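*Asks:* Here it is, the structure, as structure tokens.
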Amino acid sequence: MLVCVAFWGYVMQLYVIPKVILGFLMPLLQDRSSSSTYRLRFLMEYIVVLYILFILDAITGVLFLRIPLYYELELAFIMYLWHPRTQLYLPSKSGATIVLNMILLPLVMVKFFTARVHDLLLACIRLRSEAARTRAHAREMRLQKLRLETRHLWGMESCLNKVHDFLESRLAHDNLLGIWGVSGVGKSSLLMQLRQSYRIFAVFHHVLYFGFGSRSTVTDVQLALGVCLGYNYEMMPLMDEKSRARVIHHSLSNTSFLLLLDELEAPVDLAAVGLRMPLGKYRHQKVIIATGSKDVCALMGCAADNIIEIGCLGEDDAWSLFKDRVGDAIIDDPRIQPLAKEMAQACGGLPIALRTFAGAMSAIQDADEWRYMYKYLQARLPLSREQFADLLHNIRHW
């Protein structure tokens, strides 16, 4: 056993000599008749493969000592790299060229492309994150501008946040929003402000606003949409309802739009109008309706989460609005302030009533006139909806 170990140690020490002869001297003596360009290319490819082999041998050679005839196989592989017989089936390819092109380069290219794909994925993730941050910043900026532009609409903060979230949402079910409340709470003012703001924001390709009142039929909505979309007003009434629906659907199906329907007193079939539900399957499409009845919102297909009630102002907000419209110079008069508070309470929290009465009294500094106006209002309370509207109309024309 000791003799065998000593013999293999001696052979392994002498193994360097045939390795140098086969690996370096023999390739230089082979095929001197070849062109200098071909020979130089062969030597470069050969040296690259040979040095990679030596590096691997230095790293992993100890692990392969137990393999029978390992060093002999290594010498045979070195001979394969440069021997002319390796060009028998591929005349223009040496063994070194075959190993380099078919084994080493593909491994390097796989690693290279893997790294490139990883870099591309990281770049895509960064771009998506930056785009998400940009969109979030743009949404926040639009909300801040909307709050600034609607600061004159008292008591709208919570409603405004819900409307903004609805308009910015890309969810499939967020395509129809209903706003309801008694007349005079500010529904129309809110919708008109949304029309103005979102035309500036350019979030939608079309921003369409219609106020209908008692006339809120499918035909009325179709004619209004047709005019806003640029169709001839004289031709639209000559078409039947289905033809107008096809024209409207063709114009709006592939574009983003915000449709604001104000003062609806009865449900309108949006599918019959030409707006096939659900909206926004492929585009950003939204519809907001304002009505005095919660049932109209439900019958038109608004989800329970997409129905918002705008109520009358609370006592503090009502007084703040009334005081802001009249002005501190008059309200601070100790003879007028109690009458002003009673008058603000008599308005029942309706913003339109508060603005109308406060506007009418903003130029009156005589406490007797304030007392007369308060008695005039108190004598007519409570009022029906029609009577209250007539009273506001008369006060505007004083």
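All residue names refer to the structure tokens as shown: chains lettered A, B, ... in order, residues numbered from 1 in each chain, ligands numbered from 1 in order.
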Just want the 10 Å neighbourhood of Ser189 of chain A, counted on only C-alpha atoms, with same-chain residues fewer than 3 positions away dropped. Output as a PyMOL selection string.
*Replies:* chain A and resi 150+152-153+184-186+192-195+262+352
*Asks:* Quick one: everything within 12 Å of Lys323 of chain A, counting only C-alpha atoms, minus sequence neighbours fewer than 6 positions away in the same chain. Send it as a PyMOL selection string.
*Replies:* chain A and resi 316-317+329-333+336-341+343-344+354-355+357-359+361-362
*Asks:* Output the selection as an mmCIF file, in the first residue's frame - N, CA and C atoms for each residue.
*Replies:*
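Okay, again_17.cif is ready:
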```cif
data_model
loop_
_atom_site.group_PDB
_atom_site.id
_atom_site.type_symbol
_atom_site.label_atom_id
_atom_site.label_comp_id
_atom_site.auth_asym_id
_atom_site.auth_seq_id
_atom_site.Cartn_x
_atom_site.Cartn_y
_atom_site.Cartn_z
ATOM 1 N N ASP A 316 -73.899 74.652 13.854
ATOM 2 C CA ASP A 316 -72.659 75.426 13.813
ATOM 3 C C ASP A 316 -72.277 75.802 12.389
ATOM 4 N N ASP A 317 -72.374 74.829 11.461
ATOM 5 C CA ASP A 317 -72.037 75.130 10.063
ATOM 6 C C ASP A 317 -73.016 76.135 9.467
ATOM 7 N N ALA A 329 -68.907 92.822 10.241
ATOM 8 C CA ALA A 329 -69.219 94.203 10.627
ATOM 9 C C ALA A 329 -70.667 94.350 11.070
ATOM 10 N N ILE A 330 -71.573 93.598 10.444
ATOM 11 C CA ILE A 330 -72.991 93.675 10.793
ATOM 12 C C ILE A 330 -73.331 92.677 11.894
ATOM 13 N N ILE A 331 -72.798 91.451 11.789
ATOM 14 C CA ILE A 331 -73.130 90.403 12.745
ATOM 15 C C ILE A 331 -72.659 90.755 14.152
ATOM 16 N N ASP A 332 -71.555 91.454 14.255
ATOM 17 C CA ASP A 332 -71.011 91.778 15.574
ATOM 18 C C ASP A 332 -71.834 92.829 16.325
ATOM 19 N N ASP A 333 -72.797 93.437 15.661
ATOM 20 C CA ASP A 333 -73.677 94.401 16.333
ATOM 21 C C ASP A 333 -74.533 93.643 17.357
ATOM 22 N N ILE A 336 -78.163 93.113 16.462
ATOM 23 C CA ILE A 336 -78.478 92.308 15.270
ATOM 24 C C ILE A 336 -78.142 90.834 15.470
ATOM 25 N N GLN A 337 -77.092 90.548 16.213
ATOM 26 C CA GLN A 337 -76.614 89.171 16.302
ATOM 27 C C GLN A 337 -77.673 88.183 16.791
ATOM 28 N N PRO A 338 -78.451 88.467 17.840
ATOM 29 C CA PRO A 338 -79.497 87.501 18.246
ATOM 30 C C PRO A 338 -80.525 87.259 17.146
ATOM 31 N N LEU A 339 -80.921 88.328 16.435
ATOM 32 C CA LEU A 339 -81.878 88.176 15.337
ATOM 33 C C LEU A 339 -81.267 87.350 14.201
ATOM 34 N N ALA A 340 -79.975 87.571 13.921
ATOM 35 C CA ALA A 340 -79.306 86.817 12.855
ATOM 36 C C ALA A 340 -79.250 85.331 13.191
ATOM 37 N N LYS A 341 -78.973 84.992 14.459
ATOM 38 C CA LYS A 341 -78.934 83.578 14.854
ATOM 39 C C LYS A 341 -80.315 82.939 14.728
ATOM 40 N N MET A 343 -82.665 83.856 12.675
ATOM 41 C CA MET A 343 -82.958 83.745 11.247
ATOM 42 C C MET A 343 -82.196 82.575 10.625
ATOM 43 N N ALA A 344 -80.928 82.370 11.041
ATOM 44 C CA ALA A 344 -80.155 81.237 10.521
ATOM 45 C C ALA A 344 -80.784 79.914 10.932
ATOM 46 N N LEU A 354 -79.845 79.790 3.469
ATOM 47 C CA LEU A 354 -78.886 80.573 4.246
ATOM 48 C C LEU A 354 -78.186 81.613 3.369
ATOM 49 N N ARG A 355 -77.777 81.204 2.169
ATOM 50 C CA ARG A 355 -77.092 82.155 1.281
ATOM 51 C C ARG A 355 -78.042 83.248 0.818
ATOM 52 N N PHE A 357 -80.946 84.425 2.289
ATOM 53 C CA PHE A 357 -81.294 85.356 3.355
ATOM 54 C C PHE A 357 -80.080 86.184 3.780
ATOM 55 N N ALA A 358 -78.932 85.540 3.891
ATOM 56 C CA ALA A 358 -77.736 86.281 4.301
ATOM 57 C C ALA A 358 -77.341 87.307 3.245
ATOM 58 N N GLY A 359 -77.478 86.927 1.973
ATOM 59 C CA GLY A 359 -77.164 87.880 0.909
ATOM 60 C C GLY A 359 -78.104 89.069 0.908
ATOM 61 N N MET A 361 -79.596 90.296 3.515
ATOM 62 C CA MET A 361 -79.421 91.105 4.714
ATOM 63 C C MET A 361 -78.008 91.674 4.852
ATOM 64 N N SER A 362 -77.101 91.338 3.906
ATOM 65 C CA SER A 362 -75.704 91.749 4.048
ATOM 66 C C SER A 362 -75.512 93.260 3.924
#
```
*Asks:* Run DSSP on the backbone of this structure and report the residues of segment 214-371 of chain A it assigns to strand (DSSP E), as a ChimeraX atom specification.
*Replies:* /A:257-264,285-291,307-309
*Asks:* May I ask for the distance between atom CA of Ser197 of chain A and atom CA of Asp174 of chain A, given in Å to one decimal place?
*Replies:* 20.0 Å
*Asks:* Mind checking DSSP for segment 313-349 of chain A and telling me the alpha helix (DSSP H) residues as a list in words?
*Replies:*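 Going through segment 313-349 of chain A, the alpha helix (DSSP H) residues come out as Glu315, Asp316, Asp317, Ala318, Trp319, Ser320, Leu321, Phe322, Lys323, Asp324, Arg325, Val326, Asp328, Ala329, Ile330, Ile331, Gln337, Pro338, Leu339, Ala340, Lys341, Glu342, Met343, Ala344, Gln345 and Ala346 of chain A.
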*Asks:* Show me, as JSON lines, the residues of segment 146-180 of chain A having an atom within 12 Å of segment 268-283 of chain A, each with the closest atom pair and its distance in Å, using only C-alpha atoms.
*Replies:*
```
{"residue": "A:Leu167", "atom": "CA", "partner": "A:Gly280", "partner_atom": "CA", "distance": 11.5}
{"residue": "A:Ser169", "atom": "CA", "partner": "A:Gly280", "partner_atom": "CA", "distance": 10.6}
{"residue": "A:Arg170", "atom": "CA", "partner": "A:Gly280", "partner_atom": "CA", "distance": 8.1}
{"residue": "A:Leu171", "atom": "CA", "partner": "A:Gly280", "partner_atom": "CA", "distance": 8.5}
{"residue": "A:Ala172", "atom": "CA", "partner": "A:Lys281", "partner_atom": "CA", "distance": 6.4}
{"residue": "A:His173", "atom": "CA", "partner": "A:Pro278", "partner_atom": "CA", "distance": 7.4}
{"residue": "A:Asp174", "atom": "CA", "partner": "A:Gly280", "partner_atom": "CA", "distance": 8.5}
{"residue": "A:Asn175", "atom": "CA", "partner": "A:Leu279", "partner_atom": "CA", "distance": 5.8}
{"residue": "A:Leu176", "atom": "CA", "partner": "A:Leu279", "partner_atom": "CA", "distance": 8.2}
{"residue": "A:Leu177", "atom": "CA", "partner": "A:Leu279", "partner_atom": "CA", "distance": 11.9}
```
*Asks:* Could you list, as a list in words, every residue within 12 Å of Arg147 of chain A, counting only C-alpha atoms and ignoring same-chain residues fewer than 2 positions away?
*Replies:*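 The residues satisfying every condition are Glu140, Met141, Arg142, Leu143, Gln144, Lys145, Glu149, Thr150, Arg151, His152, Leu153, Trp154, Gly155, Met156, Glu157, Ser158, Cys159, Leu160, Asn161, Val163, His164, Leu190, Gln193, Leu194 and Ser197 of chain A.
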*Asks:* Name the residues in contact with Tyr46 of chain A at a cut-off of 7 Å, using only C-alpha atoms, excluding same-chain residues fewer than 3 positions from it; report them as a PDB file with C-alpha atoms, in the first residue's frame.
*Replies:*
```
ATOM      1  CA  PHE A  42      -7.364  29.121 -33.050  1.00  0.00           C
ATOM      2  CA  LEU A  43      -4.637  29.932 -30.530  1.00  0.00           C
ATOM      3  CA  VAL A  49     -10.453  27.115 -23.015  1.00  0.00           C
ATOM      4  CA  LEU A  50      -7.150  25.785 -21.638  1.00  0.00           C
ATOM      5  CA  LEU A  81      -8.729  20.642 -28.032  1.00  0.00           C
ATOM      6  CA  ALA A  96     -11.269  24.270 -28.669  1.00  0.00           C
TER       7      ALA A  96
END
```
*Asks:* In terms of the shortest atom-to-atom distance over only C-alpha atoms, which of A:Leu40, A:Leu259, A:Ala360, A:Leu56 is closest to Ala224 of chain A?
*Replies:*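 For Ala224 of chain A, the nearest of the candidates is A:Leu259.
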*Asks:* I'd like the contact shell of segment 231-239 of chain A - 12 Å cut-off, only C-alpha atoms, skipping same-chain residues fewer than 6 positions apart - returned as JSON, numbers by chain.
*Replies:* {"A": [219, 220, 221, 222, 223, 224, 225, 245, 246, 247, 248, 251]}
*Asks:* Would you mind exporting N, CA and C atoms of the selected residues as a compact mmCIF listing (two decimals), in the first residue's frame?
*Replies:*
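Printed below is part18.txt as written:
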```
# COMPACT_ATOMS: atom_id res chain seq x y z
N THR A 219 -85.39 59.90 -24.05
CA THR A 219 -85.26 60.78 -25.22
C THR A 219 -84.56 62.09 -24.87
N ASP A 220 -84.92 62.66 -23.72
CA ASP A 220 -84.29 63.91 -23.30
C ASP A 220 -82.78 63.73 -23.12
N VAL A 221 -82.38 62.63 -22.47
CA VAL A 221 -80.96 62.38 -22.24
C VAL A 221 -80.25 62.13 -23.57
N GLN A 222 -80.89 61.40 -24.48
CA GLN A 222 -80.28 61.12 -25.78
C GLN A 222 -80.08 62.41 -26.58
N LEU A 223 -81.08 63.26 -26.60
CA LEU A 223 -80.95 64.51 -27.36
C LEU A 223 -79.85 65.40 -26.77
N ALA A 224 -79.80 65.47 -25.44
CA ALA A 224 -78.76 66.29 -24.81
C ALA A 224 -77.37 65.72 -25.10
N LEU A 225 -77.22 64.40 -25.02
CA LEU A 225 -75.93 63.78 -25.32
C LEU A 225 -75.55 63.98 -26.79
N ALA A 245 -79.51 55.42 -29.70
CA ALA A 245 -78.71 54.66 -28.74
C ALA A 245 -77.46 54.08 -29.42
N ARG A 246 -77.60 53.58 -30.66
CA ARG A 246 -76.44 53.04 -31.37
C ARG A 246 -75.42 54.14 -31.67
N VAL A 247 -75.90 55.31 -32.05
CA VAL A 247 -75.00 56.43 -32.35
C VAL A 247 -74.24 56.85 -31.10
N ILE A 248 -74.95 56.96 -29.97
CA ILE A 248 -74.30 57.37 -28.72
C ILE A 248 -73.31 56.31 -28.24
N SER A 251 -70.13 56.47 -30.17
CA SER A 251 -69.31 57.64 -29.85
C SER A 251 -68.61 57.52 -28.50
```
*Asks:* How many Å separate atom CA of Glu309 of chain A from atom CA of Gly178 of chain A?
*Replies:*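 Interatomic distance, atom CA of Glu309 of chain A to atom CA of Gly178 of chain A: 8.4 Å.
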*Asks:* Give me, please, the distance in Å between atom CA of Thr217 of chain A and atom CA of Lys286 of chain A, quoted to one decimal.
*Replies:*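 Calculated distance between atom CA of Thr217 of chain A and atom CA of Lys286 of chain A is 19.5 Å.
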